[in-house]
>>> print(open('work02.pdb').read())   # PDB, C-alpha atoms
ATOM      1  CA  MET S1323     -21.705 -11.881 -33.252  1.00  0.00           C
ATOM      2  CA  LEU S1324     -21.281 -13.118 -36.810  1.00  0.00           C
ATOM      3  CA  MET S1325     -20.936  -9.580 -38.144  1.00  0.00           C
ATOM      4  CA  HIS S1326     -18.131  -8.922 -35.613  1.00  0.00           C
ATOM      5  CA  GLN S1327     -16.342 -12.106 -36.632  1.00  0.00           C
ATOM      6  CA  SER S1328     -16.622 -11.284 -40.321  1.00  0.00           C
ATOM      7  CA  ARG S1329     -14.994  -7.871 -39.723  1.00  0.00           C
ATOM      8  CA  LEU S1330     -12.055  -9.550 -37.977  1.00  0.00           C
ATOM      9  CA  ALA S1331     -11.555 -12.175 -40.671  1.00  0.00           C
ATOM     10  CA  PRO S1332      -9.501  -9.840 -42.911  1.00  0.00           C
ATOM     11  CA  LEU S1333      -7.307  -8.975 -39.903  1.00  0.00           C
ATOM     12  CA  HIS S1334      -6.595 -12.652 -39.309  1.00  0.00           C
ATOM     13  CA  VAL S1335      -5.670 -13.059 -42.971  1.00  0.00           C
ATOM     14  CA  VAL S1336      -3.386  -9.995 -42.827  1.00  0.00           C
ATOM     15  CA  GLY S1337      -1.806 -11.342 -39.635  1.00  0.00           C
ATOM     16  CA  ALA S1338      -1.156 -14.702 -41.287  1.00  0.00           C
ATOM     17  CA  VAL S1339       0.319 -13.009 -44.373  1.00  0.00           C
ATOM     18  CA  LEU S1340       2.614 -10.900 -42.182  1.00  0.00           C
ATOM     19  CA  ALA S1341       3.773 -13.987 -40.286  1.00  0.00           C
ATOM     20  CA  ILE S1342       4.543 -15.765 -43.564  1.00  0.00           C
ATOM     21  CA  ALA S1343       6.359 -12.681 -44.880  1.00  0.00           C
ATOM     22  CA  ALA S1344       8.442 -12.452 -41.692  1.00  0.00           C
ATOM     23  CA  ALA S1345       9.387 -16.127 -41.913  1.00  0.00           C
ATOM     24  CA  SER S1346      10.314 -15.647 -45.572  1.00  0.00           C
ATOM     25  CA  LEU S1347      12.438 -12.615 -44.717  1.00  0.00           C
ATOM     26  CA  ILE S1348      14.308 -14.552 -42.043  1.00  0.00           C
ATOM     27  CA  ALA S1349      14.960 -17.379 -44.512  1.00  0.00           C
ATOM     28  CA  ASP S1350      16.181 -14.863 -47.123  1.00  0.00           C
ATOM     29  CA  ILE S1351      18.594 -13.300 -44.613  1.00  0.00           C
ATOM     30  CA  ALA S1352      19.979 -16.738 -43.720  1.00  0.00           C
ATOM     31  CA  ALA S1353      20.393 -17.612 -47.399  1.00  0.00           C
ATOM     32  CA  ALA S1354      22.142 -14.294 -48.073  1.00  0.00           C
ATOM     33  CA  LYS S1355      24.512 -14.950 -45.196  1.00  0.00           C
ATOM     34  CA  GLU S1356      25.423 -18.318 -46.722  1.00  0.00           C
ATOM     35  CA  ARG S1357      25.900 -16.790 -50.176  1.00  0.00           C
ATOM     36  CA  ASP S1358      28.211 -14.130 -48.753  1.00  0.00           C
ATOM     37  CA  ALA S1359      30.275 -16.756 -46.970  1.00  0.00           C
ATOM     38  CA  ALA S1360      33.404 -15.538 -45.277  1.00  0.00           C
ATOM     39  CA  SER S1361      36.751 -16.803 -46.391  1.00  0.00           C
ATOM     40  CA  THR S1362      40.338 -16.527 -45.338  1.00  0.00           C
ATOM     41  CA  VAL S1363      43.750 -17.285 -46.787  1.00  0.00           C
ATOM     42  CA  VAL S1364      45.960 -19.872 -45.116  1.00  0.00           C
ATOM     43  CA  ASN S1365      49.590 -19.495 -46.070  1.00  0.00           C
ATOM     44  CA  TYR S1366      51.638 -22.676 -46.079  1.00  0.00           C
ATOM     45  CA  SER S1367      54.583 -21.684 -48.245  1.00  0.00           C
ATOM     46  CA  ASP S1368      56.820 -22.159 -45.191  1.00  0.00           C
ATOM     47  CA  LEU S1369      55.819 -25.829 -44.898  1.00  0.00           C
ATOM     48  CA  ASP S1370      57.163 -28.918 -46.666  1.00  0.00           C
ATOM     49  CA  LEU S1371      54.152 -31.183 -47.196  1.00  0.00           C
ATOM     50  CA  ALA S1372      56.454 -34.148 -47.767  1.00  0.00           C
ATOM     51  CA  SER S1373      57.041 -33.960 -44.004  1.00  0.00           C
ATOM     52  CA  SER S1374      54.352 -35.491 -41.797  1.00  0.00           C
ATOM     53  CA  THR S1375      55.021 -32.850 -39.136  1.00  0.00           C
ATOM     54  CA  ASP S1376      54.449 -30.006 -41.583  1.00  0.00           C
ATOM     55  CA  THR S1377      51.347 -31.714 -42.976  1.00  0.00           C
ATOM     56  CA  ALA S1378      49.978 -31.857 -39.413  1.00  0.00           C
ATOM     57  CA  ARG S1379      50.854 -28.162 -38.965  1.00  0.00           C
ATOM     58  CA  LEU S1380      48.966 -27.263 -42.122  1.00  0.00           C
ATOM     59  CA  TYR S1381      45.974 -29.308 -40.993  1.00  0.00           C
ATOM     60  CA  ALA S1382      45.975 -27.466 -37.659  1.00  0.00           C
ATOM     61  CA  ARG S1383      46.073 -24.134 -39.519  1.00  0.00           C
ATOM     62  CA  LEU S1384      43.167 -25.198 -41.741  1.00  0.00           C
ATOM     63  CA  LYS S1385      41.121 -26.264 -38.721  1.00  0.00           C
ATOM     64  CA  TYR S1386      41.825 -22.951 -36.987  1.00  0.00           C
ATOM     65  CA  ALA S1387      40.883 -20.992 -40.113  1.00  0.00           C
ATOM     66  CA  SER S1388      37.662 -23.019 -40.448  1.00  0.00           C
ATOM     67  CA  GLN S1389      36.776 -22.185 -36.851  1.00  0.00           C
ATOM     68  CA  LYS S1390      37.378 -18.477 -37.461  1.00  0.00           C
ATOM     69  CA  VAL S1391      35.401 -18.409 -40.709  1.00  0.00           C
ATOM     70  CA  CYS S1392      32.421 -20.134 -39.062  1.00  0.00           C
ATOM     71  CA  ASN S1393      32.650 -18.219 -35.783  1.00  0.00           C
ATOM     72  CA  SER S1394      29.374 -16.349 -36.378  1.00  0.00           C
ATOM     73  CA  TYR S1395      27.525 -19.647 -35.946  1.00  0.00           C
ATOM     74  CA  ASP S1396      29.341 -20.651 -32.735  1.00  0.00           C
ATOM     75  CA  SER S1397      26.685 -20.708 -30.029  1.00  0.00           C
ATOM     76  CA  ARG S1398      25.245 -22.830 -27.266  1.00  0.00           C
ATOM     77  CA  GLU S1399      21.878 -22.842 -29.027  1.00  0.00           C
ATOM     78  CA  LEU S1400      21.523 -26.291 -30.587  1.00  0.00           C
ATOM     79  CA  ARG S1401      20.125 -25.109 -33.927  1.00  0.00           C
ATOM     80  CA  THR S1402      22.903 -22.568 -34.353  1.00  0.00           C
ATOM     81  CA  ARG S1403      25.472 -25.116 -33.167  1.00  0.00           C
ATOM     82  CA  ASP S1404      24.331 -27.464 -35.946  1.00  0.00           C
ATOM     83  CA  ARG S1405      24.977 -24.677 -38.464  1.00  0.00           C
ATOM     84  CA  TYR S1406      28.429 -24.117 -36.976  1.00  0.00           C
ATOM     85  CA  VAL S1407      29.313 -27.808 -37.273  1.00  0.00           C
ATOM     86  CA  ALA S1408      28.048 -27.917 -40.871  1.00  0.00           C
ATOM     87  CA  CYS S1409      29.943 -24.726 -41.747  1.00  0.00           C
ATOM     88  CA  PHE S1410      33.142 -25.977 -40.094  1.00  0.00           C
ATOM     89  CA  ASP S1411      32.944 -29.360 -41.820  1.00  0.00           C
ATOM     90  CA  GLN S1412      32.304 -27.789 -45.222  1.00  0.00           C
ATOM     91  CA  ALA S1413      35.060 -25.186 -44.807  1.00  0.00           C
ATOM     92  CA  LEU S1414      37.608 -27.797 -43.719  1.00  0.00           C
ATOM     93  CA  ASN S1415      36.578 -30.255 -46.447  1.00  0.00           C
ATOM     94  CA  ASN S1416      36.874 -27.519 -49.087  1.00  0.00           C
ATOM     95  CA  ALA S1417      40.257 -26.379 -47.794  1.00  0.00           C
ATOM     96  CA  VAL S1418      41.691 -29.900 -47.756  1.00  0.00           C
ATOM     97  CA  ALA S1419      40.353 -30.521 -51.268  1.00  0.00           C
ATOM     98  CA  GLU S1420      41.822 -27.244 -52.516  1.00  0.00           C
ATOM     99  CA  VAL S1421      45.303 -28.091 -51.194  1.00  0.00           C
ATOM    100  CA  ASN S1422      44.979 -31.435 -52.977  1.00  0.00           C
ATOM    101  CA  ASP S1423      47.712 -33.271 -51.062  1.00  0.00           C
ATOM    102  CA  ALA S1424      47.481 -37.035 -50.439  1.00  0.00           C
ATOM    103  CA  LYS S1425      49.010 -36.896 -46.940  1.00  0.00           C
ATOM    104  CA  LEU S1426      46.726 -34.061 -45.900  1.00  0.00           C
ATOM    105  CA  SER S1427      43.678 -35.847 -47.312  1.00  0.00           C
ATOM    106  CA  SER S1428      44.628 -39.028 -45.407  1.00  0.00           C
ATOM    107  CA  LEU S1429      45.084 -37.068 -42.192  1.00  0.00           C
ATOM    108  CA  HIS S1430      41.712 -35.418 -42.691  1.00  0.00           C
ATOM    109  CA  ALA S1431      39.989 -38.742 -43.436  1.00  0.00           C
ATOM    110  CA  ALA S1432      41.445 -40.261 -40.269  1.00  0.00           C
ATOM    111  CA  GLU S1433      40.280 -37.375 -38.078  1.00  0.00           C
ATOM    112  CA  PRO S1434      37.551 -38.543 -35.692  1.00  0.00           C
ATOM    113  CA  ARG S1435      34.230 -36.785 -36.109  1.00  0.00           C
ATOM    114  CA  ILE S1436      32.204 -36.098 -32.986  1.00  0.00           C
ATOM    115  CA  ARG S1437      28.492 -35.666 -33.475  1.00  0.00           C
ATOM    116  CA  LEU S1438      25.819 -34.787 -30.979  1.00  0.00           C
ATOM    117  CA  ALA S1439      23.041 -37.318 -30.658  1.00  0.00           C
ATOM    118  CA  ARG S1440      19.646 -35.900 -31.511  1.00  0.00           C
ATOM    119  CA  LYS S1441      16.606 -36.551 -29.440  1.00  0.00           C
ATOM    120  CA  SER S1442      14.245 -38.759 -31.379  1.00  0.00           C
ATOM    121  CA  SER S1443      10.748 -37.418 -31.813  1.00  0.00           C
TER     122      SER S1443
END
>>> encode(input="work02.pdb", output="structure tokens")
Amino acid sequence: MLMHQSRLAPLHVVGAVLAIAAASLIADIAAAKERDAASTVVNYSDLDLASSTDTARLYARLKYASQKVCNSYDSRELRTRDRYVACFDQALNNAVAEVNDAKLSSLHAAEPRIRLARKSS
């Protein structure tokens, strides 16, 4: 019995190494996807940001663009949904910062954020 177990020991080690390699590959793919982040251009040359109405229009465009850019993460699976929310928040925050308009920044800061409660472990 011991001889049989000792012959299988290398197979268990190889199996563990393959499992670790697969997990590493999955993590590398996810990291590559984040590095190659999608982007889009939002044109607002038709808007006058001195107008509150046009500022709200721009904010709506930025939110829509953020949704589209992060669409690959949109899912009912909770883990993927968390990635979508993080992607959306980061995309919208970056877009608002890039426009660098006080009214737009105030509108963004006042926007309510809805978060899902996590089950405590």
>>> axis_aligned_box(input="work02.pdb", around="stretch 1397-1403 of chain S", padding_each_side="8 Å", output="lines of an AutoDock Vina configuration file")
center_x = 23.4
center_y = -23.5
center_z = -30.8
size_x = 22.6
size_y = 21.6
size_z = 23.1
>>> atom_distance(input="work02.pdb", atom1="atom CA of S:Arg1403", atom2="atom CA of S:Leu1384")
19.7 Å
>>> residues_near_point(input="work02.pdb", point="(42.1, -27.0, -40.5)", cutoff="8 Å", atoms="only C-alpha atoms", output="NGL selection string")
:S and (1380-1388 or 1414 or 1417-1418)
>>> residues_around(input="work02.pdb", residues="stretch 1422-1432 of chain S", least_positions_apart="3", cutoff="8 Å", atoms="only C-alpha atoms", output="PDB file with C-alpha atoms, in the frame of the given file")
ATOM      1  CA  LEU S1371      54.152 -31.183 -47.196  1.00  0.00           C
ATOM      2  CA  ALA S1372      56.454 -34.148 -47.767  1.00  0.00           C
ATOM      3  CA  SER S1374      54.352 -35.491 -41.797  1.00  0.00           C
ATOM      4  CA  THR S1377      51.347 -31.714 -42.976  1.00  0.00           C
ATOM      5  CA  ALA S1378      49.978 -31.857 -39.413  1.00  0.00           C
ATOM      6  CA  TYR S1381      45.974 -29.308 -40.993  1.00  0.00           C
ATOM      7  CA  VAL S1418      41.691 -29.900 -47.756  1.00  0.00           C
ATOM      8  CA  ALA S1419      40.353 -30.521 -51.268  1.00  0.00           C
TER       9      ALA S1419
END
>>> residues_around(input="work02.pdb", residues="S:Phe1410", least_positions_apart="6", cutoff="8 Å", atoms="all atoms listed in the file", output="mmCIF file with C-alpha atoms, keeping the file's coordinate frame")
data_model
loop_
_atom_site.group_PDB
_atom_site.id
_atom_site.type_symbol
_atom_site.label_atom_id
_atom_site.label_comp_id
_atom_site.auth_asym_id
_atom_site.auth_seq_id
_atom_site.Cartn_x
_atom_site.Cartn_y
_atom_site.Cartn_z
ATOM 1 C CA SER S 1388 37.662 -23.019 -40.448
ATOM 2 C CA GLN S 1389 36.776 -22.185 -36.851
ATOM 3 C CA VAL S 1391 35.401 -18.409 -40.709
ATOM 4 C CA CYS S 1392 32.421 -20.134 -39.062
#
>>> atom_distance(input="work02.pdb", atom1="atom CA of S:Ala1360", atom2="atom CA of S:Asn1393")
9.9 Å
>>> atom_distance(input="work02.pdb", atom1="atom CA of S:Glu1420", atom2="atom CA of S:Thr1362")
13.0 Å
